[in-house]
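Asker: Below you'll find upload29.cif; it's mmCIF, C-alpha atoms and all ligand atoms.
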data_start
loop_
_atom_site.label_atom_id
_atom_site.label_comp_id
_atom_site.auth_asym_id
_atom_site.auth_seq_id
_atom_site.Cartn_x
_atom_site.Cartn_y
_atom_site.Cartn_z
CA MET Q 1 5.73 6.67 35.86
CA ALA Q 2 3.91 8.98 33.45
CA LEU Q 3 0.33 9.43 32.38
CA THR Q 4 -0.27 9.53 28.67
CA LEU Q 5 -2.98 9.43 26.03
CA ILE Q 6 -2.82 6.26 23.96
CA SER Q 7 -4.14 5.82 20.44
CA PRO Q 8 -3.80 2.92 18.01
CA ARG Q 9 -0.79 2.94 15.72
CA ILE Q 10 -1.58 0.38 13.04
CA ARG Q 11 0.41 -0.81 10.05
CA GLY Q 12 -1.33 -3.61 8.16
CA PHE Q 13 -1.74 -6.48 10.59
CA ILE Q 14 0.45 -4.94 13.29
CA CYS Q 15 -0.48 -2.46 16.00
CA THR Q 16 2.49 -1.08 17.90
CA THR Q 17 0.56 0.46 20.80
CA ALA Q 18 -1.83 -1.09 23.31
CA HIS Q 19 -4.31 0.35 25.80
CA PRO Q 20 -4.05 -1.09 29.33
CA VAL Q 21 -7.61 -0.23 30.31
CA GLY Q 22 -9.10 -1.68 27.12
CA CYS Q 23 -7.03 -4.85 27.53
CA ALA Q 24 -8.24 -5.16 31.12
CA ARG Q 25 -11.84 -4.80 29.98
CA ASN Q 26 -11.32 -7.57 27.38
CA VAL Q 27 -10.04 -9.89 30.09
CA GLU Q 28 -12.96 -9.01 32.39
CA ARG Q 29 -15.44 -9.82 29.62
CA GLN Q 30 -13.87 -13.24 29.13
CA VAL Q 31 -13.88 -13.89 32.85
CA GLU Q 32 -17.62 -13.17 32.91
CA VAL Q 33 -18.22 -15.79 30.20
CA ALA Q 34 -16.18 -18.43 32.04
CA ARG Q 35 -17.70 -17.60 35.42
CA ALA Q 36 -21.22 -17.98 34.02
CA ALA Q 37 -20.31 -21.47 32.78
CA ARG Q 38 -18.84 -22.67 36.10
CA GLY Q 39 -19.84 -26.18 37.16
CA ALA Q 40 -18.49 -28.46 39.86
CA VAL Q 41 -15.13 -27.30 41.22
CA PRO Q 42 -12.62 -30.14 41.74
CA GLU Q 43 -10.48 -30.39 44.85
CA ARG Q 44 -7.42 -29.23 42.99
CA TYR Q 45 -6.65 -28.56 39.31
CA ARG Q 46 -3.27 -27.32 38.14
CA VAL Q 47 -2.73 -26.11 34.59
CA LEU Q 48 0.37 -25.00 32.69
CA VAL Q 49 -0.45 -22.71 29.76
CA ILE Q 50 2.36 -22.09 27.27
CA GLY Q 51 1.40 -18.99 25.26
CA ALA Q 52 -0.88 -17.60 27.97
CA SER Q 53 -1.10 -13.89 27.26
CA ALA Q 54 -3.34 -13.63 24.19
CA GLY Q 55 -5.74 -15.46 21.91
CA TYR Q 56 -6.50 -19.08 22.65
CA GLY Q 57 -3.91 -19.51 25.41
CA LEU Q 58 -5.21 -16.57 27.45
CA ALA Q 59 -8.78 -17.79 26.97
CA ALA Q 60 -7.78 -21.30 28.07
CA ARG Q 61 -6.16 -19.91 31.21
CA ILE Q 62 -9.22 -17.81 32.01
CA ALA Q 63 -11.54 -20.77 31.37
CA ALA Q 64 -9.54 -23.12 33.64
CA THR Q 65 -9.34 -20.48 36.38
CA TRP Q 66 -12.98 -19.50 36.47
CA LEU Q 67 -14.52 -22.86 35.65
CA TYR Q 68 -12.48 -24.86 38.15
CA LYS Q 69 -10.61 -22.41 40.38
CA ALA Q 70 -7.49 -23.84 38.75
CA GLU Q 71 -3.99 -22.90 39.82
CA THR Q 72 -2.24 -21.79 36.64
CA LEU Q 73 1.27 -21.16 35.48
CA GLY Q 74 1.36 -18.98 32.38
CA VAL Q 75 4.31 -18.61 30.00
CA PHE Q 76 4.38 -15.80 27.43
CA PHE Q 77 6.71 -13.43 25.64
CA GLU Q 78 5.57 -9.85 26.17
CA ARG Q 79 7.04 -6.38 26.66
CA PRO Q 80 6.07 -4.20 29.61
CA GLY Q 81 5.41 -0.48 29.15
CA GLU Q 82 8.21 1.94 29.85
CA GLY Q 83 7.98 5.71 30.31
CA THR Q 84 5.36 6.74 27.77
CA LYS Q 85 5.98 3.75 25.46
CA THR Q 86 3.18 1.27 25.87
CA GLY Q 87 3.74 -2.37 26.63
CA THR Q 88 2.30 -5.12 24.44
CA ALA Q 89 -1.37 -6.02 24.70
CA GLY Q 90 -0.44 -9.44 26.03
CA PHE Q 91 1.45 -7.86 28.90
CA TYR Q 92 -1.57 -5.79 29.91
CA ASN Q 93 -3.82 -8.85 29.52
CA VAL Q 94 -1.71 -10.75 32.03
CA VAL Q 95 -1.60 -7.78 34.42
CA ALA Q 96 -5.42 -7.68 34.36
CA PHE Q 97 -5.68 -11.46 34.70
CA GLN Q 98 -3.35 -11.42 37.69
CA ARG Q 99 -5.33 -8.67 39.41
CA LEU Q 100 -8.60 -10.59 39.01
CA VAL Q 101 -7.03 -13.85 40.17
CA ARG Q 102 -5.62 -12.19 43.26
CA SER Q 103 -8.96 -10.63 44.12
CA GLU Q 104 -10.37 -14.17 44.34
CA ASN Q 105 -7.40 -15.56 46.27
CA LEU Q 106 -6.56 -18.00 43.51
CA LYS Q 107 -3.03 -18.97 42.58
CA SER Q 108 -1.32 -17.96 39.36
CA ILE Q 109 2.33 -17.78 38.43
CA ASN Q 110 3.68 -15.88 35.42
CA LEU Q 111 6.91 -16.37 33.54
CA ASN Q 112 7.73 -13.89 30.80
CA GLY Q 113 10.39 -15.03 28.31
CA ASP Q 114 11.14 -17.34 25.41
CA ALA Q 115 9.20 -20.59 25.77
CA PHE Q 116 11.41 -22.19 23.11
CA SER Q 117 14.51 -21.88 25.28
CA SER Q 118 15.87 -24.50 27.67
CA ALA Q 119 16.21 -21.80 30.34
CA MET Q 120 12.45 -21.18 30.30
CA LYS Q 121 11.69 -24.89 30.51
CA GLU Q 122 13.98 -25.15 33.53
CA ALA Q 123 12.40 -22.08 35.15
CA VAL Q 124 8.90 -23.48 34.64
CA ILE Q 125 9.86 -26.86 36.09
CA ALA Q 126 11.46 -25.19 39.12
CA LYS Q 127 8.28 -23.14 39.73
CA ILE Q 128 6.01 -26.16 39.33
CA LYS Q 129 8.10 -28.22 41.74
CA ALA Q 130 8.27 -25.42 44.30
CA GLU Q 131 4.73 -24.12 44.13
CA MET Q 132 2.39 -26.60 42.46
CA GLY Q 133 4.03 -30.01 42.85
CA GLN Q 134 2.84 -31.23 39.45
CA VAL Q 135 0.40 -30.13 36.77
CA ASP Q 136 -2.76 -31.93 35.68
CA ALA Q 137 -2.98 -30.31 32.24
CA VAL Q 138 -0.69 -28.57 29.76
CA ILE Q 139 -2.14 -26.25 27.12
CA TYR Q 140 0.30 -25.46 24.34
CA SER Q 141 -0.76 -22.32 22.46
CA LEU Q 142 2.32 -20.68 20.98
CA ALA Q 143 2.15 -18.72 17.75
CA ALA Q 144 5.51 -17.24 16.82
CA PRO Q 145 7.40 -16.15 13.72
CA ARG Q 146 10.79 -17.54 14.82
CA ARG Q 147 12.34 -20.14 17.06
CA THR Q 148 15.90 -20.76 18.10
CA ASP Q 149 16.59 -24.47 18.44
CA PRO Q 150 17.98 -24.83 21.98
CA ARG Q 151 20.19 -27.79 20.97
CA THR Q 152 21.88 -26.37 17.88
CA GLY Q 153 21.31 -22.60 18.05
CA GLU Q 154 19.74 -22.76 14.56
CA VAL Q 155 17.14 -20.06 14.02
CA TYR Q 156 13.99 -21.27 12.22
CA SER Q 157 11.68 -18.77 10.53
CA ALA Q 158 8.04 -19.44 9.74
CA THR Q 159 6.69 -18.52 6.30
CA LEU Q 160 3.06 -18.39 5.20
CA LYS Q 161 3.14 -19.71 1.66
CA PRO Q 162 1.55 -22.42 -0.46
CA VAL Q 163 3.45 -25.64 -1.07
CA GLY Q 164 4.12 -27.10 -4.53
CA ALA Q 165 2.51 -24.45 -6.76
CA PRO Q 166 1.88 -20.71 -6.63
CA TYR Q 167 -1.50 -19.66 -5.35
CA THR Q 168 -3.61 -16.73 -6.46
CA GLY Q 169 -6.53 -15.75 -4.28
CA ARG Q 170 -8.54 -12.96 -2.75
CA THR Q 171 -7.38 -11.14 0.31
CA ILE Q 172 -7.96 -7.85 2.09
CA ASP Q 173 -5.22 -5.30 1.84
CA LEU Q 174 -5.59 -4.12 5.43
CA THR Q 175 -3.77 -0.85 4.81
CA ASN Q 176 -5.98 0.32 1.93
CA GLU Q 177 -9.06 -1.70 2.93
CA THR Q 178 -9.42 -3.08 -0.55
CA VAL Q 179 -10.12 -6.57 -1.78
CA THR Q 180 -7.28 -7.61 -4.02
CA GLU Q 181 -5.85 -10.69 -5.63
CA ILE Q 182 -2.50 -11.82 -4.37
CA THR Q 183 -0.23 -14.38 -5.88
CA LEU Q 184 2.02 -16.19 -3.49
CA PRO Q 185 4.95 -18.16 -4.83
CA PRO Q 186 5.39 -21.70 -3.54
CA ALA Q 187 7.63 -22.09 -0.53
CA THR Q 188 11.15 -23.39 -0.92
CA GLU Q 189 12.22 -26.55 0.91
CA GLN Q 190 14.11 -24.32 3.33
CA GLU Q 191 10.95 -22.28 4.07
CA ILE Q 192 8.90 -25.43 4.67
CA ARG Q 193 11.57 -26.78 7.00
CA GLY Q 194 11.77 -23.42 8.82
CA THR Q 195 8.01 -23.29 9.38
CA ILE Q 196 7.98 -26.84 10.71
CA GLY Q 197 10.90 -25.87 12.96
CA VAL Q 198 8.85 -23.05 14.50
CA MET Q 199 5.27 -24.34 14.52
CA GLY Q 200 5.74 -28.13 14.28
CA GLY Q 201 5.89 -30.59 17.14
CA ASP Q 202 9.55 -30.41 18.15
CA ASP Q 203 9.16 -27.83 20.92
CA LEU Q 204 6.07 -29.53 22.33
CA GLN Q 205 8.04 -32.76 22.48
CA LEU Q 206 10.92 -31.03 24.30
CA TRP Q 207 8.45 -29.53 26.80
CA THR Q 208 6.68 -32.82 27.43
CA GLU Q 209 9.89 -34.79 27.85
CA ALA Q 210 11.41 -32.18 30.16
CA LEU Q 211 8.28 -32.09 32.32
CA LEU Q 212 8.10 -35.90 32.38
CA ASP Q 213 11.75 -36.30 33.29
CA ALA Q 214 11.35 -33.82 36.13
CA ASP Q 215 8.27 -35.66 37.44
CA ALA Q 216 6.28 -32.45 36.97
CA LEU Q 217 3.28 -34.13 35.28
CA ALA Q 218 0.55 -35.69 37.42
CA GLU Q 219 -0.95 -39.14 36.90
CA GLY Q 220 -3.55 -38.93 34.14
CA VAL Q 221 -2.13 -35.65 32.78
CA THR Q 222 -3.68 -34.15 29.64
CA VAL Q 223 -1.54 -32.30 27.09
CA VAL Q 224 -3.32 -30.25 24.42
CA PRO Q 225 -1.76 -28.27 21.56
CA PHE Q 226 -3.92 -26.36 19.07
CA SER Q 227 -4.31 -26.66 15.35
CA TYR Q 228 -6.56 -25.49 12.52
CA ILE Q 229 -7.99 -27.13 9.42
CA GLY Q 230 -10.52 -24.72 7.89
CA PRO Q 231 -12.50 -24.94 4.65
CA GLU Q 232 -11.10 -25.70 1.21
CA ILE Q 233 -10.88 -22.05 0.16
CA THR Q 234 -8.18 -21.51 2.77
CA HIS Q 235 -6.37 -24.81 2.18
CA PRO Q 236 -3.78 -23.56 -0.35
CA ILE Q 237 -2.51 -21.01 2.17
CA TYR Q 238 -3.29 -22.86 5.38
CA ARG Q 239 -3.85 -26.60 5.56
CA SER Q 240 -1.90 -27.49 2.40
CA GLY Q 241 0.59 -24.66 2.87
CA THR Q 242 3.71 -24.30 4.99
CA ILE Q 243 1.74 -23.75 8.20
CA GLY Q 244 -0.34 -26.86 7.46
CA LYS Q 245 2.85 -28.91 7.06
CA ALA Q 246 3.93 -27.67 10.49
CA LYS Q 247 0.52 -28.54 11.97
CA GLU Q 248 0.69 -32.05 10.46
CA ASP Q 249 4.03 -32.44 12.20
CA LEU Q 250 2.51 -31.17 15.46
CA GLU Q 251 -0.35 -33.65 15.09
CA ARG Q 252 2.07 -36.56 14.45
CA THR Q 253 4.15 -35.57 17.48
CA THR Q 254 1.04 -35.33 19.63
CA ALA Q 255 -0.02 -38.86 18.63
CA ALA Q 256 3.39 -40.16 19.73
CA LEU Q 257 3.21 -38.17 22.99
CA ASN Q 258 -0.23 -39.63 23.62
CA GLN Q 259 1.33 -43.11 23.64
CA LEU Q 260 4.21 -42.00 25.83
CA LEU Q 261 1.99 -40.30 28.39
CA HIS Q 262 -0.44 -43.20 28.35
CA ASN Q 263 2.36 -45.67 29.09
CA ARG Q 264 4.09 -43.58 31.73
CA LEU Q 265 1.24 -41.87 33.59
CA GLY Q 266 -2.07 -43.11 32.23
CA GLY Q 267 -2.09 -39.68 30.60
CA ARG Q 268 -3.14 -38.42 27.19
CA ALA Q 269 -2.28 -35.89 24.49
CA TYR Q 270 -4.73 -34.63 21.90
CA VAL Q 271 -4.67 -31.88 19.35
CA SER Q 272 -7.64 -29.57 19.58
CA ILE Q 273 -8.73 -28.22 16.21
CA ASN Q 274 -10.09 -24.78 17.00
CA LYS Q 275 -12.19 -22.46 14.88
CA ALA Q 276 -10.89 -19.39 13.05
CA VAL Q 277 -10.90 -16.33 15.33
CA ILE Q 278 -9.38 -12.87 15.23
CA THR Q 279 -5.98 -12.95 16.94
CA GLN Q 280 -2.64 -11.34 16.27
CA ALA Q 281 -1.47 -14.61 14.74
CA SER Q 282 -4.45 -15.19 12.43
CA SER Q 283 -4.52 -11.57 11.22
CA ALA Q 284 -1.05 -12.06 9.74
CA ILE Q 285 -2.08 -14.90 7.43
CA PRO Q 286 -3.02 -13.82 3.87
CA ILE Q 287 -6.67 -14.58 2.92
CA VAL Q 288 -7.62 -15.40 6.53
CA PRO Q 289 -8.84 -11.88 7.52
CA LEU Q 290 -11.19 -11.89 4.51
CA TYR Q 291 -12.38 -15.40 5.31
CA ILE Q 292 -12.92 -14.47 8.98
CA SER Q 293 -14.86 -11.34 7.98
CA LEU Q 294 -17.25 -13.48 5.93
CA LEU Q 295 -17.39 -16.34 8.44
CA TYR Q 296 -18.17 -14.01 11.37
CA ARG Q 297 -21.06 -12.41 9.49
CA ILE Q 298 -22.62 -15.78 8.70
CA MET Q 299 -22.03 -17.31 12.15
CA LYS Q 300 -23.29 -14.18 13.93
CA GLU Q 301 -26.43 -14.11 11.77
CA ARG Q 302 -27.15 -17.75 12.59
CA GLY Q 303 -26.51 -17.33 16.30
CA VAL Q 304 -23.50 -19.68 16.42
CA HIS Q 305 -20.70 -17.14 16.68
CA GLU Q 306 -17.88 -18.01 19.10
CA GLU Q 307 -14.88 -16.11 20.46
CA PRO Q 308 -11.80 -17.85 21.91
CA ILE Q 309 -13.30 -17.89 25.40
CA HIS Q 310 -16.41 -19.76 24.22
CA GLN Q 311 -14.21 -22.30 22.46
CA MET Q 312 -12.03 -22.79 25.52
CA VAL Q 313 -15.02 -23.18 27.85
CA ARG Q 314 -16.21 -25.94 25.51
CA LEU Q 315 -12.75 -27.49 25.43
CA PHE Q 316 -12.66 -27.91 29.21
CA ARG Q 317 -16.31 -28.57 29.94
CA GLU Q 318 -16.94 -31.05 27.13
CA HIS Q 319 -13.55 -32.64 26.56
CA ILE Q 320 -10.56 -32.23 28.85
CA GLY Q 321 -11.67 -30.73 32.16
CA PRO Q 322 -11.59 -32.81 35.35
CA GLY Q 323 -13.65 -35.97 34.88
CA GLN Q 324 -14.28 -35.36 31.17
CA THR Q 325 -13.74 -37.88 28.40
CA PRO Q 326 -13.03 -36.15 25.11
CA THR Q 327 -15.00 -36.86 21.98
CA LEU Q 328 -12.44 -37.45 19.23
CA ASP Q 329 -12.55 -37.62 15.44
CA GLU Q 330 -11.17 -40.60 13.51
CA GLU Q 331 -7.67 -39.13 13.83
CA ASN Q 332 -7.90 -38.76 17.61
CA ARG Q 333 -8.40 -34.99 17.52
CA ILE Q 334 -10.81 -32.82 19.47
CA ARG Q 335 -12.97 -30.81 17.06
CA LEU Q 336 -14.03 -27.38 18.24
CA ASP Q 337 -14.38 -26.30 14.61
CA ASP Q 338 -17.63 -28.24 14.16
CA ARG Q 339 -19.80 -25.11 13.98
CA GLU Q 340 -17.41 -23.31 11.61
CA LEU Q 341 -17.31 -26.29 9.27
CA ALA Q 342 -21.04 -27.07 9.46
CA PRO Q 343 -22.29 -27.69 5.88
CA ASP Q 344 -24.80 -24.82 5.90
CA ILE Q 345 -22.20 -22.29 7.10
CA GLN Q 346 -19.63 -23.39 4.53
CA ALA Q 347 -22.20 -23.52 1.70
CA GLU Q 348 -22.87 -19.83 2.39
CA VAL Q 349 -19.13 -19.05 2.54
CA ARG Q 350 -18.65 -20.74 -0.85
CA ARG Q 351 -21.66 -19.02 -2.37
CA LEU Q 352 -20.38 -15.56 -1.50
CA TRP Q 353 -16.60 -15.95 -1.58
CA ASN Q 354 -16.00 -15.15 -5.26
CA THR Q 355 -18.45 -12.25 -5.30
CA ILE Q 356 -16.68 -10.14 -2.65
CA THR Q 357 -15.26 -6.89 -3.97
CA THR Q 358 -14.00 -3.71 -2.37
CA ASP Q 359 -17.42 -2.14 -2.99
CA ASN Q 360 -19.49 -4.80 -1.25
CA LEU Q 361 -16.90 -5.79 1.40
CA ARG Q 362 -18.84 -4.08 4.17
CA THR Q 363 -22.24 -5.46 3.21
CA LEU Q 364 -21.36 -9.01 2.26
CA THR Q 365 -18.95 -9.53 5.13
CA ASP Q 366 -18.46 -8.40 8.70
CA TYR Q 367 -15.29 -6.52 7.78
CA ASP Q 368 -16.19 -3.73 10.21
CA GLY Q 369 -16.49 -6.38 12.91
CA PHE Q 370 -13.10 -7.80 11.93
CA LYS Q 371 -11.54 -4.36 12.05
CA ARG Q 372 -13.05 -3.64 15.45
CA GLY Q 373 -12.06 -7.10 16.69
CA PHE Q 374 -8.50 -6.51 15.54
CA ARG Q 375 -8.32 -3.16 17.32
CA GLN Q 376 -9.87 -4.67 20.41
CA LEU Q 377 -7.00 -7.16 20.59
CA PHE Q 378 -4.88 -4.15 21.52
CA GLY Q 379 -7.42 -2.64 23.89
CA PHE Q 380 -8.89 -0.10 21.43
CA GLU Q 381 -12.56 0.43 20.55
CA VAL Q 382 -13.56 -1.47 23.65
CA GLU Q 383 -16.94 -0.49 25.01
CA GLY Q 384 -16.94 1.51 28.23
CA VAL Q 385 -13.35 2.78 27.95
CA ASN Q 386 -12.71 6.51 27.90
CA TYR Q 387 -9.93 6.98 25.36
CA GLU Q 388 -9.75 10.71 26.08
CA GLU Q 389 -8.37 9.95 29.51
CA GLU Q 390 -4.63 9.73 30.14
CA VAL Q 391 -3.51 6.39 31.52
CA GLU Q 392 -0.45 4.94 33.19
CA VAL Q 393 1.44 2.71 30.77
CA GLU Q 394 3.84 1.20 33.28
CA ALA Q 395 2.58 -1.81 35.15
CA THR Q 396 4.28 -4.62 36.97
CA LEU Q 397 3.71 -8.32 37.23
CA ASP Q 398 4.72 -9.80 40.52
P1 LIG C 1 -1.84 -15.30 19.60
O1 LIG C 1 -0.93 -14.51 18.70
O2 LIG C 1 -3.11 -14.66 20.04
O3 LIG C 1 -1.05 -15.76 20.93
C1 LIG C 1 0.23 -16.33 20.87
C2 LIG C 1 0.76 -16.55 22.26
O4 LIG C 1 2.07 -17.13 22.15
C3 LIG C 1 0.95 -15.26 23.09
O5 LIG C 1 0.61 -15.53 24.44
C4 LIG C 1 2.45 -14.98 23.00
O6 LIG C 1 3.00 -14.30 24.13
C5 LIG C 1 2.97 -16.42 22.99
N1 LIG C 1 4.32 -16.52 22.43
C6 LIG C 1 4.72 -16.29 21.16
N2 LIG C 1 6.06 -16.55 21.04
C7 LIG C 1 6.48 -16.95 22.27
C8 LIG C 1 7.72 -17.35 22.80
N3 LIG C 1 8.81 -17.42 22.04
N4 LIG C 1 7.79 -17.65 24.11
C9 LIG C 1 6.70 -17.58 24.91
N5 LIG C 1 5.48 -17.24 24.47
C10 LIG C 1 5.38 -16.91 23.16
O7 LIG C 1 -2.10 -16.69 18.85
P2 LIG C 1 -3.39 -17.63 18.68
O8 LIG C 1 -4.04 -17.29 17.41
O9 LIG C 1 -4.17 -17.71 19.92
O10 LIG C 1 -2.65 -19.01 18.41
C11 LIG C 1 -2.39 -19.96 19.42
C12 LIG C 1 -2.49 -21.35 18.84
O11 LIG C 1 -3.84 -21.57 18.39
C13 LIG C 1 -1.60 -21.60 17.63
O12 LIG C 1 -1.12 -22.91 17.68
C14 LIG C 1 -2.55 -21.44 16.47
O13 LIG C 1 -2.13 -22.12 15.31
C15 LIG C 1 -3.80 -22.07 17.07
N6 LIG C 1 -5.05 -21.74 16.36
C16 LIG C 1 -5.38 -20.44 16.10
C17 LIG C 1 -6.54 -20.16 15.40
C18 LIG C 1 -6.96 -18.73 15.07
O14 LIG C 1 -7.86 -18.55 14.25
N7 LIG C 1 -6.35 -17.74 15.69
C19 LIG C 1 -7.39 -21.22 14.99
C20 LIG C 1 -7.05 -22.52 15.31
C21 LIG C 1 -5.86 -22.77 15.99
#
Let me see the file written as C-alpha cells.
Ligand code: NAD
Answerer:
Amino acid sequence: MALTLISPRIRGFICTTAHPVGCARNVERQVEVARAARGAVPERYRVLVIGASAGYGLAARIAATWLYKAETLGVFFERPGEGTKTGTAGFYNVVAFQRLVRSENLKSINLNGDAFSSAMKEAVIAKIKAEMGQVDAVIYSLAAPRRTDPRTGEVYSATLKPVGAPYTGRTIDLTNETVTEITLPPATEQEIRGTIGVMGGDDLQLWTEALLDADALAEGVTVVPFSYIGPEITHPIYRSGTIGKAKEDLERTTAALNQLLHNRLGGRAYVSINKAVITQASSAIPIVPLYISLLYRIMKERGVHEEPIHQMVRLFREHIGPGQTPTLDEENRIRLDDRELAPDIQAEVRRLWNTITTDNLRTLTDYDGFKRGFRQLFGFEVEGVNYEEEVEVEATLD
C-alpha cells in the first residue's frame, strides 16, 4: 500500500491513469440522479449487467439499484491498482459502487474477467444459481476492441472504418486539439468480419443460450443490448461503417432472441438505441468526438442534455423496469436517441458542421466540455476533489 499523487496521462483518446476519488465522486453523482427518480420498489428485481464498470453499463447498474433496490451481478474487465500504478477507472467505479451498495444493505456481486469467454459465462451462471436464483433482466453493454471466439480460439479485431468507399470528413485531432480532415480507407472484408465478430450478436446469443440452458433466466425476462444510429453526418463512419454492420448483426440476433425468449419464458429482447455520450468507447471513434462536442453544446443550450445515467433512468422507468411496457419503433427497438435526433437539434448540427475550424472550435462547439467530460471518465477534473492530495491506489473488491 502506498500513497501517491495522481495526474492524468493522456495520449489521444487514451488515459493511462485514473483517480480513485474522482471516480468515486462520479459514481456518487450518478447515484444521486437515480435516487431522485426512485418510484415504486418491487418485491424483488435481479439484474445481470455485462459491461458494468463504465459508460452505459455502469449507469444501467446504478439506475436499477437505486430505482428498484435491485440485486445486481456486474461483469467487467478492469485492472486493479498495484503499488503506485493506478488501476483502471472502471475498477475504481466498481469499488465505489460496491461501497455505496453495501452502505444500503443491497446485494451486488462482481466478476472481473473476459465476458467473451466460456469460463466467465460459467462463473456468472454459478453465481446466479447460488446467490440470486435467476435474473429478471440482462443488460448487455460491452464495448471492446477484440474478442476471442470461445469455440474456435479465433481472435476477432474491431476496426472503425467506412464500408465500400473511402470517407473524408472532419475530426478533432485530440493530441493537437485541431480540426482536421481525415480520409479513412474502406474496410476489407476481413475487417468487416472481425468487427462483426467482436461487436455483433454472436456473444449475446451465447450468453442468452447459456443462461437459458442453465435455467438462470426468470419468467418474463428482459434482455437488452445497446446500439447507436446517429445522424447522417456520422453514418459513413458509424451506421454505414464496420461498427454499423456489427450493430445490424446485433439487432438481427436480438430479434431472433426475442422470439426464443417469448416462446420459452414469455420473455423479450429489445435493442435500445442510446444517444451519443462521452465514454471511453465513443472517444475512440473518428469524427464522433467532434460531433459530440457540437451536439452537447446544442442540447445543453436547449435544456435537453443527457448523460448515461439520465438515459438509463429513462430506459428502466419508461420501458423495461418492473411493470413497464416498452414503446418500440417500427423495427422493435427502444429509442432513447429521440432528443438527439429531434429535427431542430439536427438542423442546428447540420447548419454548423461544415463551418467548424480549429479557430472557432471552442465557440461553436462544447469542445471544452468534451475535454472535461473525457478527463472526468478517469476521475480527473471532477468538482470537489483535491488533486494535490496523495491517495491510495490499491483497492479491493470483495
Ligand atoms: P464503455 O467503454 O464506457 O464501457 C464498456 C464496458 O465493457 C466496460 O464496463 C468494460 O469493462 C466492459 N468490457 C469491455 N471488454 C470486456 C470484456 N472482454 N469482458 C468483460 N467486460 C468488458 O462503453 P460504452 O460507450 O458505454 O458502450 C457500451 C455499449 O453502449 C456499446 O454497445 C456501445 O455501442 C453502446 N452505445 C454507446 C454509445 C456512446 O455514445 N458511448 C451510444 C449508443 C450506444
Asker: For each of Q:Glu251, Q:Asp398, Q:Asp173, Q:Asp338, take the minimum atom-to-atom distance to Val288 of chain Q, counting all atoms listed in the file, then give the residue where this is smallest.
Answerer: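 Going through Q:Glu251, Q:Asp398, Q:Asp173, Q:Asp338 one by one, the smallest distance to Val288 of chain Q is for Q:Asp173.
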Asker: Any idea what the distance is between atom C20 of ligand LIG 1 (chain C) and atom CA of Ala276 of chain Q?
Answerer: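 Separating atom C20 of ligand LIG 1 (chain C) from atom CA of Ala276 of chain Q is a distance of 5.4 Å.
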Asker: Can you list every residue of chain Q that has an atom at most 7 Å from ligand LIG 1 (chain C), with its nearest atom pair and the distance in Å to one decimal, using all atoms listed in the file, ordered by chain then number, as CSV?
Answerer:
residue,atom,partner,partner_atom,distance
Q:Ile50,CA,C:LIG1,N5,6.4
Q:Gly51,CA,C:LIG1,O5,3.6
Q:Ala52,CA,C:LIG1,O5,4.4
Q:Ser53,CA,C:LIG1,O5,3.7
Q:Ala54,CA,C:LIG1,O2,4.3
Q:Gly55,CA,C:LIG1,O2,3.3
Q:Tyr56,CA,C:LIG1,O9,3.8
Q:Gly57,CA,C:LIG1,O9,5.8
Q:Leu58,CA,C:LIG1,O5,6.6
Q:Val75,CA,C:LIG1,C9,5.7
Q:Phe76,CA,C:LIG1,N5,3.5
Q:Phe77,CA,C:LIG1,O6,4.1
Q:Glu78,CA,C:LIG1,O6,5.5
Q:Gly90,CA,C:LIG1,O6,6.3
Q:Gly113,CA,C:LIG1,N4,5.6
Q:Asp114,CA,C:LIG1,N4,3.6
Q:Ala115,CA,C:LIG1,N4,3.7
Q:Phe116,CA,C:LIG1,N3,5.5
Q:Ser141,CA,C:LIG1,C12,4.1
Q:Leu142,CA,C:LIG1,O4,3.7
Q:Ala143,CA,C:LIG1,C1,4.4
Q:Ala144,CA,C:LIG1,N2,4.3
Q:Arg147,CA,C:LIG1,N3,6.7
Q:Pro225,CA,C:LIG1,O12,6.6
Q:Phe226,CA,C:LIG1,O12,4.7
Q:Ser227,CA,C:LIG1,C21,4.2
Q:Tyr228,CA,C:LIG1,C20,4.1
Q:Ile273,CA,C:LIG1,C20,6.0
Q:Asn274,CA,C:LIG1,C20,4.1
Q:Lys275,CA,C:LIG1,C19,5.0
Q:Ala276,CA,C:LIG1,O14,3.4
Q:Val277,CA,C:LIG1,O14,3.9
Q:Ile278,CA,C:LIG1,N7,5.8
Q:Thr279,CA,C:LIG1,O2,4.6
Q:Gln280,CA,C:LIG1,O1,4.3
Q:Ala281,CA,C:LIG1,O1,4.0
Q:Ser282,CA,C:LIG1,N7,4.6
Asker: Could you check the closest approach to Ile233 of chain Q for each of Q:Arg302, Q:Arg350, Q:Arg264, Q:Arg193 and tell me which residue wins, using all atoms listed in the file?
Answerer: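 Among the listed residues, the smallest separation from Ile233 of chain Q belongs to Q:Arg350.
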Asker: If we count only C-alpha atoms and set the cut-off at 6 Å, which residues sit around segment 363-372 of chain Q, ignoring sequence neighbours fewer than 5 positions away in its own chain? Please answer as a CSV table (one decimal) with C-alpha atoms, in the coordinates of the input.
Answerer:
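File result.csv, as written:
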chain,number,residue,atom,x,y,z
Q,293,SER,CA,-14.9,-11.3,8.0
Q,294,LEU,CA,-17.2,-13.5,5.9
Q,297,ARG,CA,-21.1,-12.4,9.5
